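A.B. asks: Below is one structure. I have some questions about it.
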Amino acid sequence: MKSNRYTSLAIALLASLALNSCKKFLDLQPTSTVTSENAYLTGDNIEKALNGAYNSFIGNGTRPGSNANYYQWEMILQTDIRSDNAHAAGGGEIDFAQIDYNTITNTNEMVRRDWEELYGAISKCNIVIDNVDKVTDPTFSDERRKQILGEASFLRAFHYYQLVKLYGGVPLEKHSNSTDAEVLRIKRSTVEEVYDFIDSDLQVAANNLPDGFGQASIDKVRATKGAANALLTKIWAQRPDRDYNKVLQYADAVITGKGGYQLLQNYADLFDGKHNYNSESIIEIPYIAGSPNLSCWGGAFFFPDLDENGQINENEWRRYGTPSKDLVEAYDNAGDTERKNANIWFFSVPWADEFWNPCGDADTEIPFNVKQKHANSFQSGDHFYLLRLADIILLKAEAQNALGNTSGAINTINVIRHRAGLSDLSGVSSSSLKAIILNERRLELAFEGQRWDDLNRYGVTVDVMNKLNEIKFTCDNGKQSNPTLIKYNFNQNSLLLPIPLLELQANPSLTQNPGY
């Protein structure tokens, strides 16, 4: 685990906490004078430690290797590309191809890196949680102490939620003061135990966080009561012993609560880069365009900069996460032009694509994921939603249907369909509506890190992936030829990633997932 590689509490701390400045709130300023003896005696330093925990979403640098690969872009690889939504493509790296084609090994670098980064993020949260009550600064209010505890607890829960979905039951590292020997002996908890721990953290968060901090640019980037309730909605839907009554309870707490969340009128506005901190956002990663440390380099791996004519430059290289024909057909079959046009753009490109254009014909266009549309030479300012209202509304519909309130579920899902310009549903059976909701989530949330989780929650991953009709071609004398149906060979063992080999070697108490 990552934390057994941390040798001191002198983590990279952020500049100063300024509620009126998102940039100051996130800007990284390493402080070499902070030691384990004096780090957390003042309110200022515990605030900096909290900022360091938030910085796990962004990292410290403009390119890969900045300790935020997972949230910058690999979350999409692990969810949309691993599913039926997209293909890895890109530079043909074997680690990404393994994720795409279900040939993952326990030496996969991305599998190891994501494990390490998420535990590193948890370690930063543990430092805050373990030390916030030790602050003796007389200017540090009890109210702020509770808020910081709530924020760090939410962040830790969010990271553990990623881990349990990816790897199943994982070791629960709960404190920052564990010795290396203790960390090396932590066994894997069960999936249910991990979810119980996440739930307990979120209860702390919900009980200590405000509905908001009084400014949208802060409310949307920091943990709030609404964010805690939204994540509670998701965990009680996702865990194997799900409880749809709790899903409904927490979804309603978000929808009707004091956070003031409302759907935007136009779906495309969510992703045009001009509506940050909007009413539909529950919590988002606030990238800053052109910033060496606070921009998003991950979006440029999906979509490049365009030339002055709005086209892809002939010197550009093949991007990752090419939308699948199956996803494009799902939009077309639903008549869903509004969300398709907001999420997928087609361009003629200077490279061949074995699924869409194997001969590199200049007149044949291929699709791109454009949830983040402004690459800005690896310094994008396009924000990324970690939680947004439409997701919670669709989970409410799922819960209503599962609890026998099919008519109520239809009314709820129609709110989302109406925004997309689709006709209202009526007279749909419960079993039919279940499949409709799954498809609606696909169309609404493509490339937001949801599809793999949805397939697993519905228990249809193996069936969907093995029935997927994705065909790749070669080019023979300028014509596409040799059609080959991809055989994904999924089984129940494919639902989880392997425990990384390096972690197994470092911790003899760990056990491997079946099939690896």
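Residue numbers start at 1 in each chain; chains themselves are named A, B, ... in the order of the structure tokens; ligands are numbered from 1 in the order shown.
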Counting only C-alpha atoms, what is within 9 Å of segment 258-261 of chain A, bar same-chain residues fewer than 6 positions away, as a PDB file with N, CA and C atoms, in the first residue's frame?
C.D. replies:
ATOM      1  N   ASP A 211     -24.294  22.782   4.403  1.00  0.00           N
ATOM      2  CA  ASP A 211     -24.889  22.657   3.071  1.00  0.00           C
ATOM      3  C   ASP A 211     -24.048  23.402   2.039  1.00  0.00           C
ATOM      4  N   GLY A 212     -23.323  24.401   2.482  1.00  0.00           N
ATOM      5  CA  GLY A 212     -22.449  25.153   1.587  1.00  0.00           C
ATOM      6  C   GLY A 212     -21.598  26.107   2.383  1.00  0.00           C
ATOM      7  N   ASP A 219     -18.371  25.924  -2.852  1.00  0.00           N
ATOM      8  CA  ASP A 219     -19.349  24.868  -2.584  1.00  0.00           C
ATOM      9  C   ASP A 219     -19.209  23.690  -3.541  1.00  0.00           C
ATOM     10  N   THR A 224     -19.462  18.883   0.922  1.00  0.00           N
ATOM     11  CA  THR A 224     -20.610  19.481   1.607  1.00  0.00           C
ATOM     12  C   THR A 224     -21.538  18.359   2.064  1.00  0.00           C
ATOM     13  N   LYS A 225     -22.571  18.732   2.793  1.00  0.00           N
ATOM     14  CA  LYS A 225     -23.565  17.743   3.206  1.00  0.00           C
ATOM     15  C   LYS A 225     -24.199  17.084   1.973  1.00  0.00           C
ATOM     16  N   GLY A 226     -24.458  17.881   0.930  1.00  0.00           N
ATOM     17  CA  GLY A 226     -25.035  17.321  -0.284  1.00  0.00           C
ATOM     18  C   GLY A 226     -24.125  16.308  -0.936  1.00  0.00           C
ATOM     19  N   ASN A 278     -21.906  25.068 -11.648  1.00  0.00           N
ATOM     20  CA  ASN A 278     -23.323  25.252 -11.954  1.00  0.00           C
ATOM     21  C   ASN A 278     -24.202  24.544 -10.924  1.00  0.00           C
ATOM     22  N   SER A 279     -25.504  24.749 -11.045  1.00  0.00           N
ATOM     23  CA  SER A 279     -26.456  24.243 -10.058  1.00  0.00           C
ATOM     24  C   SER A 279     -26.592  22.725 -10.072  1.00  0.00           C
ATOM     25  N   GLU A 280     -26.211  22.084 -11.168  1.00  0.00           N
ATOM     26  CA  GLU A 280     -26.309  20.619 -11.238  1.00  0.00           C
ATOM     27  C   GLU A 280     -25.097  19.935 -10.615  1.00  0.00           C
ATOM     28  N   SER A 281     -24.015  20.645 -10.533  1.00  0.00           N
ATOM     29  CA  SER A 281     -22.786  20.092  -9.973  1.00  0.00           C
ATOM     30  C   SER A 281     -22.920  19.912  -8.463  1.00  0.00           C
ATOM     31  N   ILE A 282     -22.511  18.750  -7.987  1.00  0.00           N
ATOM     32  CA  ILE A 282     -22.469  18.500  -6.546  1.00  0.00           C
ATOM     33  C   ILE A 282     -21.039  18.656  -6.038  1.00  0.00           C
ATOM     34  N   ARG A 388     -22.745  14.571  -9.813  1.00  0.00           N
ATOM     35  CA  ARG A 388     -23.702  15.574 -10.292  1.00  0.00           C
ATOM     36  C   ARG A 388     -25.128  15.047 -10.161  1.00  0.00           C
ATOM     37  N   LEU A 389     -26.053  15.974 -10.190  1.00  0.00           N
ATOM     38  CA  LEU A 389     -27.436  15.686  -9.812  1.00  0.00           C
ATOM     39  C   LEU A 389     -28.107  14.645 -10.697  1.00  0.00           C
TER      40      LEU A 389
END
A.B. asks: Write out as a Markdown table the residues of segment 289-404 of chain A that have any atom within 12 Å of an atom of segment 483-506 of chain A, one row each with the nearest atom pair and its distance in Å to one decimal, counting only C-alpha atoms, sorted by chain and then rising number.
C.D. replies:
| residue | atom | partner | partner_atom | distance |
| --- | --- | --- | --- | --- |
| A:Glu354 | CA | A:Pro483 | CA | 9.5 |
| A:Phe355 | CA | A:Pro483 | CA | 9.5 |
| A:Trp356 | CA | A:Pro483 | CA | 11.7 |
| A:Pro358 | CA | A:Pro483 | CA | 10.5 |
A.B. asks: Only all heavy atoms, please: the residues just picked out, written as a JSON list (two decimals), in the first residue's frame.
C.D. replies:
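Below you can see part38.json, which holds the result:
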[["chain", "number", "residue", "atom", "x", "y", "z"],
["A", 354, "GLU", "N", -8.62, 0.86, -36.58],
["A", 354, "GLU", "CA", -9.04, -0.47, -37.00],
["A", 354, "GLU", "C", -10.53, -0.72, -36.84],
["A", 354, "GLU", "O", -11.06, -1.67, -37.43],
["A", 354, "GLU", "CB", -8.25, -1.55, -36.25],
["A", 354, "GLU", "CG", -8.47, -1.61, -34.76],
["A", 354, "GLU", "CD", -7.50, -0.72, -33.99],
["A", 354, "GLU", "OE1", -7.02, 0.28, -34.56],
["A", 354, "GLU", "OE2", -7.24, -1.04, -32.81],
["A", 355, "PHE", "N", -11.22, 0.12, -36.07],
["A", 355, "PHE", "CA", -12.65, -0.06, -35.89],
["A", 355, "PHE", "C", -13.47, 0.83, -36.82],
["A", 355, "PHE", "O", -14.50, 0.40, -37.34],
["A", 355, "PHE", "CB", -13.05, 0.25, -34.43],
["A", 355, "PHE", "CG", -12.46, -0.69, -33.44],
["A", 355, "PHE", "CD1", -11.32, -0.36, -32.73],
["A", 355, "PHE", "CD2", -13.02, -1.94, -33.22],
["A", 355, "PHE", "CE1", -10.76, -1.23, -31.82],
["A", 355, "PHE", "CE2", -12.48, -2.83, -32.31],
["A", 355, "PHE", "CZ", -11.34, -2.46, -31.61],
["A", 356, "TRP", "N", -13.00, 2.03, -37.03],
["A", 356, "TRP", "CA", -13.78, 3.01, -37.79],
["A", 356, "TRP", "C", -13.23, 3.29, -39.18],
["A", 356, "TRP", "O", -13.99, 3.56, -40.11],
["A", 356, "TRP", "CB", -13.86, 4.33, -37.02],
["A", 356, "TRP", "CG", -14.68, 4.28, -35.78],
["A", 356, "TRP", "CD1", -14.26, 3.98, -34.52],
["A", 356, "TRP", "CD2", -16.09, 4.50, -35.68],
["A", 356, "TRP", "NE1", -15.31, 4.02, -33.64],
["A", 356, "TRP", "CE2", -16.45, 4.35, -34.32],
["A", 356, "TRP", "CE3", -17.08, 4.84, -36.61],
["A", 356, "TRP", "CZ2", -17.75, 4.52, -33.87],
["A", 356, "TRP", "CZ3", -18.38, 5.01, -36.16],
["A", 356, "TRP", "CH2", -18.71, 4.84, -34.80],
["A", 358, "PRO", "N", -9.90, 1.72, -41.03],
["A", 358, "PRO", "CA", -8.62, 0.98, -41.03],
["A", 358, "PRO", "C", -7.62, 1.45, -42.08],
["A", 358, "PRO", "O", -6.42, 1.22, -41.93],
["A", 358, "PRO", "CB", -9.05, -0.47, -41.27],
["A", 358, "PRO", "CG", -10.36, -0.37, -41.95],
["A", 358, "PRO", "CD", -11.03, 0.84, -41.35]]
A.B. asks: Could you work out how far atom CA of Gln249 of chain A lies from atom CA of Asn229 of chain A, giving the answer in Å with one decimal?
C.D. replies: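 Between atom CA of Asn229 of chain A and atom CA of Gln249 of chain A the gap is 9.0 Å.
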A.B. asks: Find the spatial neighbours of Trp115 of chain A, counting only C-alpha atoms, within a cut-off of 9 Å - ignore same-chain residues fewer than 5 positions away - and output them as a PyMOL selection string.
C.D. replies: chain A and resi 1-2+110+120+163+166-167+499-500+503
A.B. asks: Expressed in Å to a single decimal, how great is the separation between atom CA of Ser123 of chain A and atom CA of Gln147 of chain A?
C.D. replies: 18.8 Å
A.B. asks: For Gln379 of chain A, please output as a list in words all residues within 7 Å (counting only C-alpha atoms; exclusion window: fewer than 4 positions along the same chain).
C.D. replies: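 Surrounding residues, per the criterion: Thr62, Ala289, Gly290, Ser291, Ser295, Cys296, Trp297 and Ala375 of chain A.
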A.B. asks: Could you dump the residues just selected with N, CA and C atoms as a PDB file, in the first residue's frame?
C.D. replies:
ATOM      1  N   THR A  62       1.977  18.937 -14.943  1.00  0.00           N
ATOM      2  CA  THR A  62       1.110  19.065 -16.108  1.00  0.00           C
ATOM      3  C   THR A  62       1.101  17.828 -16.979  1.00  0.00           C
ATOM      4  N   ALA A 289      -7.059  26.561 -16.477  1.00  0.00           N
ATOM      5  CA  ALA A 289      -6.387  26.540 -17.773  1.00  0.00           C
ATOM      6  C   ALA A 289      -5.047  27.259 -17.713  1.00  0.00           C
ATOM      7  N   GLY A 290      -4.023  26.627 -18.296  1.00  0.00           N
ATOM      8  CA  GLY A 290      -2.718  27.251 -18.406  1.00  0.00           C
ATOM      9  C   GLY A 290      -1.868  27.196 -17.167  1.00  0.00           C
ATOM     10  N   SER A 291      -2.396  26.670 -16.066  1.00  0.00           N
ATOM     11  CA  SER A 291      -1.627  26.606 -14.828  1.00  0.00           C
ATOM     12  C   SER A 291      -0.656  25.431 -14.866  1.00  0.00           C
ATOM     13  N   SER A 295      -3.829  22.634 -13.892  1.00  0.00           N
ATOM     14  CA  SER A 295      -4.598  22.359 -15.111  1.00  0.00           C
ATOM     15  C   SER A 295      -4.827  20.865 -15.268  1.00  0.00           C
ATOM     16  N   CYS A 296      -5.655  20.500 -16.232  1.00  0.00           N
ATOM     17  CA  CYS A 296      -5.943  19.092 -16.520  1.00  0.00           C
ATOM     18  C   CYS A 296      -5.181  18.664 -17.769  1.00  0.00           C
ATOM     19  N   TRP A 297      -4.211  17.795 -17.585  1.00  0.00           N
ATOM     20  CA  TRP A 297      -3.535  17.224 -18.752  1.00  0.00           C
ATOM     21  C   TRP A 297      -4.257  15.983 -19.254  1.00  0.00           C
ATOM     22  N   ALA A 375      -8.435  21.019 -24.874  1.00  0.00           N
ATOM     23  CA  ALA A 375      -7.201  20.368 -24.429  1.00  0.00           C
ATOM     24  C   ALA A 375      -6.149  21.381 -23.996  1.00  0.00           C
TER      25      ALA A 375
END
A.B. asks: Using only C-alpha atoms, which residues sit within 9 Å of Ile148 of chain A once same-chain residues fewer than 5 positions away are excluded, as a PyMOL selection string?
C.D. replies: chain A and resi 46-47+50+128-129+132+143+153+208-209
A.B. asks: Given the selection you just returned, output its residues as a file containing all heavy atoms, formatted as a short mmCIF file (atom, residue, chain, number, x, y, z; two decimals), in the first residue's frame.
C.D. replies:
data_model
loop_
_atom_site.label_atom_id
_atom_site.label_comp_id
_atom_site.auth_asym_id
_atom_site.auth_seq_id
_atom_site.Cartn_x
_atom_site.Cartn_y
_atom_site.Cartn_z
N ILE A 46 -3.22 22.74 9.76
CA ILE A 46 -4.19 21.67 9.50
C ILE A 46 -5.00 22.01 8.26
O ILE A 46 -5.40 21.12 7.50
CB ILE A 46 -5.10 21.41 10.73
CG1 ILE A 46 -5.73 20.00 10.63
CG2 ILE A 46 -6.17 22.45 10.88
CD1 ILE A 46 -4.76 18.87 10.82
N GLU A 47 -5.22 23.30 8.03
CA GLU A 47 -5.89 23.71 6.78
C GLU A 47 -5.02 23.33 5.59
O GLU A 47 -5.53 22.85 4.56
CB GLU A 47 -6.14 25.21 6.77
CG GLU A 47 -7.10 25.74 7.82
CD GLU A 47 -8.57 25.52 7.49
OE1 GLU A 47 -8.86 24.78 6.53
OE2 GLU A 47 -9.42 26.10 8.19
N LEU A 50 -5.27 19.67 4.92
CA LEU A 50 -6.54 19.36 4.24
C LEU A 50 -6.44 19.70 2.76
O LEU A 50 -6.90 18.94 1.90
CB LEU A 50 -7.69 20.13 4.89
CG LEU A 50 -9.05 19.96 4.22
CD1 LEU A 50 -9.54 18.52 4.32
CD2 LEU A 50 -10.08 20.91 4.83
N VAL A 128 -5.00 14.15 8.33
CA VAL A 128 -5.91 15.21 8.78
C VAL A 128 -6.84 14.70 9.88
O VAL A 128 -7.01 15.34 10.93
CB VAL A 128 -6.73 15.75 7.60
CG1 VAL A 128 -7.73 16.80 8.08
CG2 VAL A 128 -5.82 16.34 6.53
N ILE A 129 -7.44 13.54 9.66
CA ILE A 129 -8.41 12.99 10.61
C ILE A 129 -7.75 12.72 11.96
O ILE A 129 -8.32 12.99 13.03
CB ILE A 129 -9.05 11.71 10.03
CG1 ILE A 129 -9.93 12.08 8.83
CG2 ILE A 129 -9.86 10.98 11.10
CD1 ILE A 129 -10.39 10.88 8.01
N VAL A 132 -6.60 16.59 13.54
CA VAL A 132 -7.41 17.80 13.64
C VAL A 132 -7.81 18.10 15.09
O VAL A 132 -7.90 19.26 15.49
CB VAL A 132 -8.66 17.70 12.73
CG1 VAL A 132 -9.63 16.62 13.21
CG2 VAL A 132 -9.35 19.05 12.62
N GLU A 143 -16.27 24.90 15.26
CA GLU A 143 -17.05 24.70 14.05
C GLU A 143 -16.16 24.31 12.87
O GLU A 143 -16.47 23.38 12.14
CB GLU A 143 -17.83 25.97 13.71
CG GLU A 143 -18.67 25.85 12.43
CD GLU A 143 -19.35 27.15 12.05
OE1 GLU A 143 -18.98 28.19 12.61
OE2 GLU A 143 -20.24 27.12 11.18
N SER A 153 -13.12 13.14 6.05
CA SER A 153 -13.84 11.86 6.08
C SER A 153 -14.54 11.60 4.76
O SER A 153 -14.54 10.46 4.26
CB SER A 153 -14.87 11.88 7.23
OG SER A 153 -14.23 11.99 8.49
N ASN A 208 -21.20 16.69 10.03
CA ASN A 208 -20.29 17.79 10.36
C ASN A 208 -20.15 18.83 9.27
O ASN A 208 -19.58 19.90 9.51
CB ASN A 208 -18.90 17.23 10.70
CG ASN A 208 -18.85 16.57 12.05
OD1 ASN A 208 -18.74 17.22 13.08
ND2 ASN A 208 -18.95 15.24 12.06
N LEU A 209 -20.65 18.53 8.07
CA LEU A 209 -20.47 19.45 6.96
C LEU A 209 -21.67 20.39 6.80
O LEU A 209 -22.81 20.01 7.07
CB LEU A 209 -20.28 18.66 5.66
CG LEU A 209 -18.94 17.94 5.52
CD1 LEU A 209 -18.94 17.04 4.29
CD2 LEU A 209 -17.78 18.94 5.47
#
A.B. asks: Quick one: pull the distance between atom CA of Glu109 of chain A and atom CA of Lys174 of chain A, Å, one decimal.
C.D. replies: 25.6 Å
A.B. asks: Please provide the set of residues having any atom within 10 Å of segment 92-96 of chain A, restricted to only C-alpha atoms, with same-chain residues fewer than 4 positions apart removed, written as a ChimeraX atom specification.
C.D. replies: /A:74,77-78,81-82,87-88,100-101,103-105,107-111,318,320-321
A.B. asks: Taking the backbone alone, and naming residues the way the document does, which bits of segment 452-489 of chain A are alpha helix (DSSP H) by DSSP, as a PyMOL selection string?
C.D. replies: chain A and resi 452-458+461-466
A.B. asks: What does the file look like for those residues with C-alpha atoms, as a PDB file, in the first residue's frame?
C.D. replies:
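As written to disk, result-v2.pdb reads:
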ATOM      1  CA  TRP A 452     -18.535  -0.294 -15.615  1.00  0.00           C
ATOM      2  CA  ASP A 453     -20.071   0.240 -12.192  1.00  0.00           C
ATOM      3  CA  ASP A 454     -23.571   0.248 -13.664  1.00  0.00           C
ATOM      4  CA  LEU A 455     -23.032  -3.009 -15.548  1.00  0.00           C
ATOM      5  CA  ASN A 456     -21.683  -4.656 -12.410  1.00  0.00           C
ATOM      6  CA  ARG A 457     -24.515  -3.338 -10.240  1.00  0.00           C
ATOM      7  CA  TYR A 458     -27.086  -4.702 -12.659  1.00  0.00           C
ATOM      8  CA  THR A 461     -21.341  -7.303 -17.265  1.00  0.00           C
ATOM      9  CA  VAL A 462     -20.415 -10.784 -18.460  1.00  0.00           C
ATOM     10  CA  ASP A 463     -23.439 -11.082 -20.721  1.00  0.00           C
ATOM     11  CA  VAL A 464     -23.124  -7.584 -22.195  1.00  0.00           C
ATOM     12  CA  MET A 465     -19.404  -7.828 -22.883  1.00  0.00           C
ATOM     13  CA  ASN A 466     -19.494 -11.328 -24.352  1.00  0.00           C
TER      14      ASN A 466
END
